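> So here's run02.tsv, just TSV, C-alpha atoms:
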```
chain	number	residue	atom	x	y	z
A	220	MET	CA	0.00	0.00	0.00
A	221	HIS	CA	2.79	2.39	0.91
A	222	ALA	CA	4.70	1.64	-2.32
A	223	ARG	CA	1.59	2.32	-4.44
A	224	SER	CA	0.98	5.57	-2.55
A	225	SER	CA	4.62	6.62	-3.06
A	226	ARG	CA	4.47	5.88	-6.80
A	227	ARG	CA	1.23	7.84	-7.09
A	228	SER	CA	2.81	10.83	-5.31
A	229	GLN	CA	5.78	10.71	-7.70
A	230	GLU	CA	3.45	10.58	-10.70
A	231	ILE	CA	1.52	13.61	-9.43
A	232	ASP	CA	4.76	15.49	-8.78
A	233	ARG	CA	6.06	14.82	-12.31
A	234	SER	CA	2.71	15.80	-13.82
A	235	SER	CA	2.61	19.01	-11.79
A	236	ARG	CA	6.13	20.02	-12.75
A	237	THR	CA	5.41	19.33	-16.42
A	238	HIS	CA	2.24	21.43	-16.16
A	239	TRP	CA	3.99	24.43	-14.63
A	240	TRP	CA	7.15	24.41	-16.76
A	241	GLY	CA	5.04	23.90	-19.87
A	242	LEU	CA	3.05	27.00	-19.04
A	243	MET	CA	6.21	29.03	-18.53
A	244	ARG	CA	7.79	27.85	-21.79
A	245	GLY	CA	4.57	28.63	-23.62
A	246	ARG	CA	4.53	32.17	-22.31
A	247	GLY	CA	8.18	32.75	-23.11
A	248	ALA	CA	8.46	35.46	-20.47
A	249	ALA	CA	10.10	35.83	-17.09
A	250	VAL	CA	8.13	36.73	-14.00
A	251	SER	CA	7.54	40.49	-13.78
A	252	ARG	CA	6.11	40.94	-10.26
A	253	VAL	CA	5.64	38.64	-7.26
A	254	LEU	CA	2.96	38.71	-4.58
A	255	VAL	CA	4.00	37.32	-1.20
A	256	VAL	CA	0.72	36.60	0.58
A	257	PHE	CA	0.61	35.31	4.14
A	258	ASP	CA	-1.61	34.40	7.02
A	259	THR	CA	-0.28	35.05	10.52
A	260	LYS	CA	-1.44	34.66	14.09
A	261	PHE	CA	1.30	36.16	16.27
A	262	GLY	CA	3.63	37.77	13.73
A	263	ALA	CA	6.35	35.25	12.86
A	264	THR	CA	4.90	34.39	9.45
A	265	ARG	CA	4.53	38.11	8.70
A	266	ASP	CA	8.20	38.71	9.54
A	267	ILE	CA	9.26	35.81	7.33
A	268	ALA	CA	7.04	37.00	4.46
A	269	GLU	CA	8.55	40.48	4.71
A	270	GLU	CA	12.07	39.03	4.57
A	271	ILE	CA	11.11	37.06	1.46
A	272	GLY	CA	9.82	40.26	-0.14
A	273	ARG	CA	13.03	42.13	0.75
A	274	SER	CA	15.16	39.29	-0.61
A	275	LEU	CA	13.29	39.17	-3.92
A	276	ARG	CA	13.52	42.93	-4.34
A	277	GLY	CA	17.20	42.78	-3.43
A	278	VAL	CA	17.93	40.75	-6.56
A	279	GLY	CA	15.82	43.01	-8.76
A	280	LEU	CA	12.53	41.11	-8.72
A	281	PRO	CA	9.62	43.45	-7.83
A	282	ALA	CA	7.62	42.01	-4.94
A	283	ASP	CA	4.76	43.10	-2.71
A	284	VAL	CA	3.91	41.57	0.67
A	285	GLU	CA	0.23	41.39	1.65
A	286	ALA	CA	-1.73	39.72	4.45
A	287	VAL	CA	-4.37	37.31	3.21
A	288	ALA	CA	-6.85	39.24	5.38
A	289	ALA	CA	-6.38	42.21	3.01
A	290	ALA	CA	-7.82	40.11	0.14
A	291	PRO	CA	-5.00	41.02	-2.28
A	292	ASP	CA	-5.78	41.36	-5.99
A	293	LEU	CA	-3.81	38.99	-8.24
A	294	SER	CA	-4.29	40.89	-11.48
A	295	LYS	CA	-0.93	42.71	-11.49
A	296	TYR	CA	1.21	39.70	-10.50
A	297	SER	CA	2.79	36.89	-12.48
A	298	ALA	CA	3.97	34.73	-9.54
A	299	VAL	CA	2.89	34.15	-5.94
A	300	VAL	CA	4.53	33.01	-2.70
A	301	LEU	CA	2.05	31.64	-0.14
A	302	GLY	CA	2.86	31.40	3.57
A	303	ALA	CA	0.93	30.19	6.60
A	304	PRO	CA	1.56	29.31	10.25
A	305	VAL	CA	1.07	25.83	11.69
A	306	PHE	CA	-0.72	25.37	15.02
A	307	GLY	CA	-1.42	21.98	16.52
A	308	GLY	CA	-0.22	20.30	13.34
A	309	LYS	CA	-2.80	22.13	11.20
A	310	LEU	CA	-3.12	25.25	9.10
A	311	GLU	CA	-5.54	28.00	9.96
A	312	PRO	CA	-8.39	28.28	7.38
A	313	PRO	CA	-7.83	31.80	5.92
A	314	LEU	CA	-5.00	30.88	3.52
A	315	CYS	CA	-6.88	28.06	1.79
A	316	ASP	CA	-10.06	30.14	1.72
A	317	TRP	CA	-8.16	32.73	-0.33
A	318	VAL	CA	-6.44	30.06	-2.45
A	319	HIS	CA	-9.74	28.40	-3.33
A	320	GLU	CA	-11.17	31.76	-4.36
A	321	HIS	CA	-8.28	32.32	-6.78
A	322	LEU	CA	-7.36	28.72	-7.62
A	323	ALA	CA	-7.98	28.95	-11.36
A	324	THR	CA	-5.50	31.83	-11.59
A	325	LEU	CA	-2.95	30.40	-9.16
A	326	GLU	CA	-2.76	27.06	-10.98
A	327	ASN	CA	-1.67	28.94	-14.09
A	328	MET	CA	1.18	30.90	-12.55
A	329	PRO	CA	4.36	29.95	-10.63
A	330	THR	CA	3.45	29.54	-6.95
A	331	ALA	CA	5.82	28.76	-4.08
A	332	VAL	CA	4.59	27.66	-0.65
A	333	PHE	CA	6.09	27.93	2.84
A	334	VAL	CA	4.88	27.07	6.33
A	335	VAL	CA	6.03	28.35	9.71
A	336	GLY	CA	5.90	26.48	13.00
A	337	ALA	CA	7.77	25.99	16.23
A	338	SER	CA	8.11	22.27	15.52
A	339	VAL	CA	10.50	23.03	12.63
A	340	ARG	CA	13.20	23.71	15.22
A	341	ASP	CA	13.34	19.92	15.82
A	342	ASP	CA	15.04	18.51	12.73
A	343	THR	CA	13.96	14.92	13.29
A	344	PRO	CA	12.40	12.38	10.89
A	345	GLU	CA	9.14	12.57	12.84
A	346	ALA	CA	9.04	16.37	12.69
A	347	ARG	CA	9.84	16.38	8.97
A	348	GLU	CA	7.14	13.79	8.26
A	349	ALA	CA	4.57	15.80	10.21
A	350	LEU	CA	5.54	18.98	8.36
A	351	ASP	CA	5.30	17.24	5.00
A	352	ARG	CA	1.71	16.34	5.83
A	353	VAL	CA	1.02	19.97	6.71
A	354	MET	CA	2.73	21.12	3.52
A	355	ASP	CA	0.42	18.88	1.53
A	356	SER	CA	-2.55	20.58	3.19
A	357	ALA	CA	-0.97	23.99	2.43
A	358	LEU	CA	-1.40	23.11	-1.25
A	359	CYS	CA	-5.13	23.34	-0.50
A	360	GLY	CA	-6.16	20.30	-2.52
A	361	SER	CA	-4.44	21.37	-5.76
A	362	GLU	CA	-2.00	18.98	-7.40
A	363	HIS	CA	-0.44	21.82	-9.43
A	364	LEU	CA	-0.07	24.46	-6.72
A	365	GLY	CA	3.57	24.82	-5.70
A	366	ALA	CA	4.88	22.48	-8.40
A	367	GLY	CA	8.37	23.09	-9.73
A	368	LEU	CA	9.49	25.30	-6.84
A	369	PRO	CA	11.12	24.33	-3.52
A	370	ARG	CA	8.91	24.18	-0.44
A	371	GLY	CA	9.85	26.30	2.56
A	372	ARG	CA	9.70	25.03	6.14
A	373	PHE	CA	10.71	27.63	8.71
A	374	ALA	CA	10.84	27.70	12.49
A	375	GLY	CA	8.65	30.32	14.12
A	376	ARG	CA	8.36	31.67	17.63
A	377	ILE	CA	6.32	31.16	20.76
A	378	ASP	CA	5.86	34.23	22.96
A	379	ALA	CA	3.85	32.96	25.92
A	380	ASP	CA	3.08	36.52	27.08
A	381	LYS	CA	1.15	37.19	23.86
A	382	LEU	CA	-0.87	33.98	23.91
A	383	PRO	CA	-4.42	33.75	25.24
A	384	ALA	CA	-4.84	31.71	28.41
A	385	PRO	CA	-6.19	28.57	26.67
A	386	MET	CA	-3.15	28.41	24.39
A	387	ARG	CA	-0.76	28.96	27.29
A	388	PHE	CA	-2.44	26.04	29.03
A	389	MET	CA	-2.04	23.88	25.91
A	390	LEU	CA	1.66	24.77	25.71
A	391	HIS	CA	2.09	23.88	29.36
A	392	MET	CA	0.35	20.53	28.93
A	393	ALA	CA	2.35	19.73	25.79
A	394	LYS	CA	5.59	20.84	27.54
A	395	LEU	CA	6.47	23.13	24.65
A	396	PRO	CA	9.07	25.80	25.46
A	397	ALA	CA	8.67	29.44	24.56
A	398	GLY	CA	11.31	30.92	22.30
A	399	ASP	CA	12.17	32.63	19.03
A	400	TRP	CA	13.62	30.31	16.38
A	401	VAL	CA	13.08	32.51	13.31
A	402	ASP	CA	16.21	32.31	11.13
A	403	LEU	CA	16.05	35.12	8.58
A	404	ASP	CA	19.31	33.98	6.96
A	405	GLU	CA	17.64	30.67	6.13
A	406	VAL	CA	14.58	32.51	4.84
A	407	HIS	CA	16.78	34.76	2.69
A	408	ALA	CA	18.59	31.78	1.16
A	409	TRP	CA	15.28	30.11	0.29
A	410	ALA	CA	13.93	33.31	-1.26
A	411	ILE	CA	17.04	33.73	-3.40
A	412	GLY	CA	16.59	30.16	-4.61
A	413	ILE	CA	13.01	30.96	-5.56
A	414	ALA	CA	14.11	34.13	-7.36
A	415	SER	CA	16.67	32.18	-9.39
A	416	ARG	CA	13.89	29.90	-10.66
A	417	LEU	CA	11.62	32.79	-11.59
A	418	THR	CA	14.04	34.95	-13.55
```
Starting from the coordinates I provided, produce the structure as structure tokens.

Amino acid sequence: MHARSSRRSQEIDRSSRTHWWGLMRGRGAAVSRVLVVFDTKFGATRDIAEEIGRSLRGVGLPADVEAVAAAPDLSKYSAVVLGAPVFGGKLEPPLCDWVHEHLATLENMPTAVFVVGASVRDDTPEAREALDRVMDSALCGSEHLGAGLPRGRFAGRIDADKLPAPMRFMLHMAKLPAGDWVDLDEVHAWAIGIASRLT
């Protein structure tokens, strides 16, 4: 069962890459402007999205950074970077709500995806497997979304003082430490890699 599932995933991945690169070859044009759109709960994903925008602009690729709550308009963009935080092993709904609204457009343009969560600080097989499952959900049910571009997995932060009481209790019960694990150098390197694929 696992082998069949693995082969199916590989087939989907190859199909998705062919779909995206075929579109780009057909257009014969480089990306002109990138939208970095993010959902955030306590600010870490916003900070990472802003670093991605700065990094793209730093290599001459125009980029705007918008919160998904602002309902950004896709009409002036030719590529998108999507980012969302992970809580309790799941994504919050707003990102996929926006993706589903614009899916027909997004599936026909280069789209990179990243997720942010405190669990990324633990580079273990179990943590990576859990994040891969979340990354799959960050594609919001589309087999083409995010194809052909590297996925980003970034550590976030936990500031217990900013959390509501129920979440502080959950952290205490799960024995999760507070801390700031955001690595903007890692984010920058990923963004530069994305830029190199888009230009």
> Compute the distance from (-5.8, 29.2, -0.7) to each atom, counting only C-alpha atoms, keep the residues with any atom at most 12 Å away, and return them as JSON, numbers by chain; use the coordinates of the file.
{"A": [256, 257, 258, 287, 288, 290, 291, 299, 300, 301, 302, 303, 310, 311, 312, 313, 314, 315, 316, 317, 318, 319, 320, 321, 322, 323, 324, 325, 326, 330, 332, 356, 357, 358, 359, 360, 361, 364, 365]}
> Now that the selection is made, can you save its residues with C-alpha atoms as a short mmCIF file (atom, residue, chain, number, x, y, z; two decimals), in the frame of the given file?

```
data_model
loop_
_atom_site.label_atom_id
_atom_site.label_comp_id
_atom_site.auth_asym_id
_atom_site.auth_seq_id
_atom_site.Cartn_x
_atom_site.Cartn_y
_atom_site.Cartn_z
CA VAL A 256 0.72 36.60 0.58
CA PHE A 257 0.61 35.31 4.14
CA ASP A 258 -1.61 34.40 7.02
CA VAL A 287 -4.37 37.31 3.21
CA ALA A 288 -6.85 39.24 5.38
CA ALA A 290 -7.82 40.11 0.14
CA PRO A 291 -5.00 41.02 -2.28
CA VAL A 299 2.89 34.15 -5.94
CA VAL A 300 4.53 33.01 -2.70
CA LEU A 301 2.05 31.64 -0.14
CA GLY A 302 2.86 31.40 3.57
CA ALA A 303 0.93 30.19 6.60
CA LEU A 310 -3.12 25.25 9.10
CA GLU A 311 -5.54 28.00 9.96
CA PRO A 312 -8.39 28.28 7.38
CA PRO A 313 -7.83 31.80 5.92
CA LEU A 314 -5.00 30.88 3.52
CA CYS A 315 -6.88 28.06 1.79
CA ASP A 316 -10.06 30.14 1.72
CA TRP A 317 -8.16 32.73 -0.33
CA VAL A 318 -6.44 30.06 -2.45
CA HIS A 319 -9.74 28.40 -3.33
CA GLU A 320 -11.17 31.76 -4.36
CA HIS A 321 -8.28 32.32 -6.78
CA LEU A 322 -7.36 28.72 -7.62
CA ALA A 323 -7.98 28.95 -11.36
CA THR A 324 -5.50 31.83 -11.59
CA LEU A 325 -2.95 30.40 -9.16
CA GLU A 326 -2.76 27.06 -10.98
CA THR A 330 3.45 29.54 -6.95
CA VAL A 332 4.59 27.66 -0.65
CA SER A 356 -2.55 20.58 3.19
CA ALA A 357 -0.97 23.99 2.43
CA LEU A 358 -1.40 23.11 -1.25
CA CYS A 359 -5.13 23.34 -0.50
CA GLY A 360 -6.16 20.30 -2.52
CA SER A 361 -4.44 21.37 -5.76
CA LEU A 364 -0.07 24.46 -6.72
CA GLY A 365 3.57 24.82 -5.70
#
```
> Find, counting all atoms listed in the file, the residue in A:Val284, A:Met328, A:Gly277, A:Gly371 that gets nearest to Met354 of chain A.
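Under the stated criterion, the closest residue is A:Gly371.
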> For a cut-off of 7 Å around (3.8, 35.0, -6.6), file coordinates, pick out all residues using all atoms listed in the file and list them as a list in words.
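Nearby residues: Val253, Leu254, Val255, Tyr296, Ser297, Ala298, Val299, Val300, Pro329 and Thr330 of chain A.
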> Name the residues in contact with Asp402 of chain A at a cut-off of 9 Å, using all atoms listed in the file, excluding same-chain residues fewer than 5 positions from it; report them as a ChimeraX atom specification.
/A:267,373-375,407
> What does the structure give for the distance between atom CA of Leu417 of chain A and atom CA of Asn327 of chain A, in Å to one decimal?
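Taking atom CA of Leu417 of chain A as the start and atom CA of Asn327 of chain A as the end point, the length is 14.1 Å.
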> For Ala282 of chain A, which residue out of A:Arg252, A:Lys295, A:Arg265, A:Lys309 is the nearest one, using all atoms listed in the file?
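For Ala282 of chain A, the nearest of the given residues is A:Arg252.
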> Quick one: pull the distance between atom CA of Leu403 of chain A and atom CA of Asp266 of chain A, Å, one decimal.
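Distance reported for this atom pair: 8.7 Å.
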> Provide the atom CA of Val335 of chain A to atom CA of Pro304 of chain A distance in Å, to one decimal place.
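The value is 4.6 Å.
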> Point out the residue among A:Ser274, A:Thr259, A:Ala410, A:Arg352 with the least atom-to-atom distance to Ala286 of chain A, counting all atoms listed in the file.
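Of all the options, A:Thr259 lies closest to Ala286 of chain A.
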> Given the choices A:Leu350, A:Val334, A:Pro344, A:Leu368, which gets closest to Ala263 of chain A if the distance is worked out from only C-alpha atoms?
A:Val334
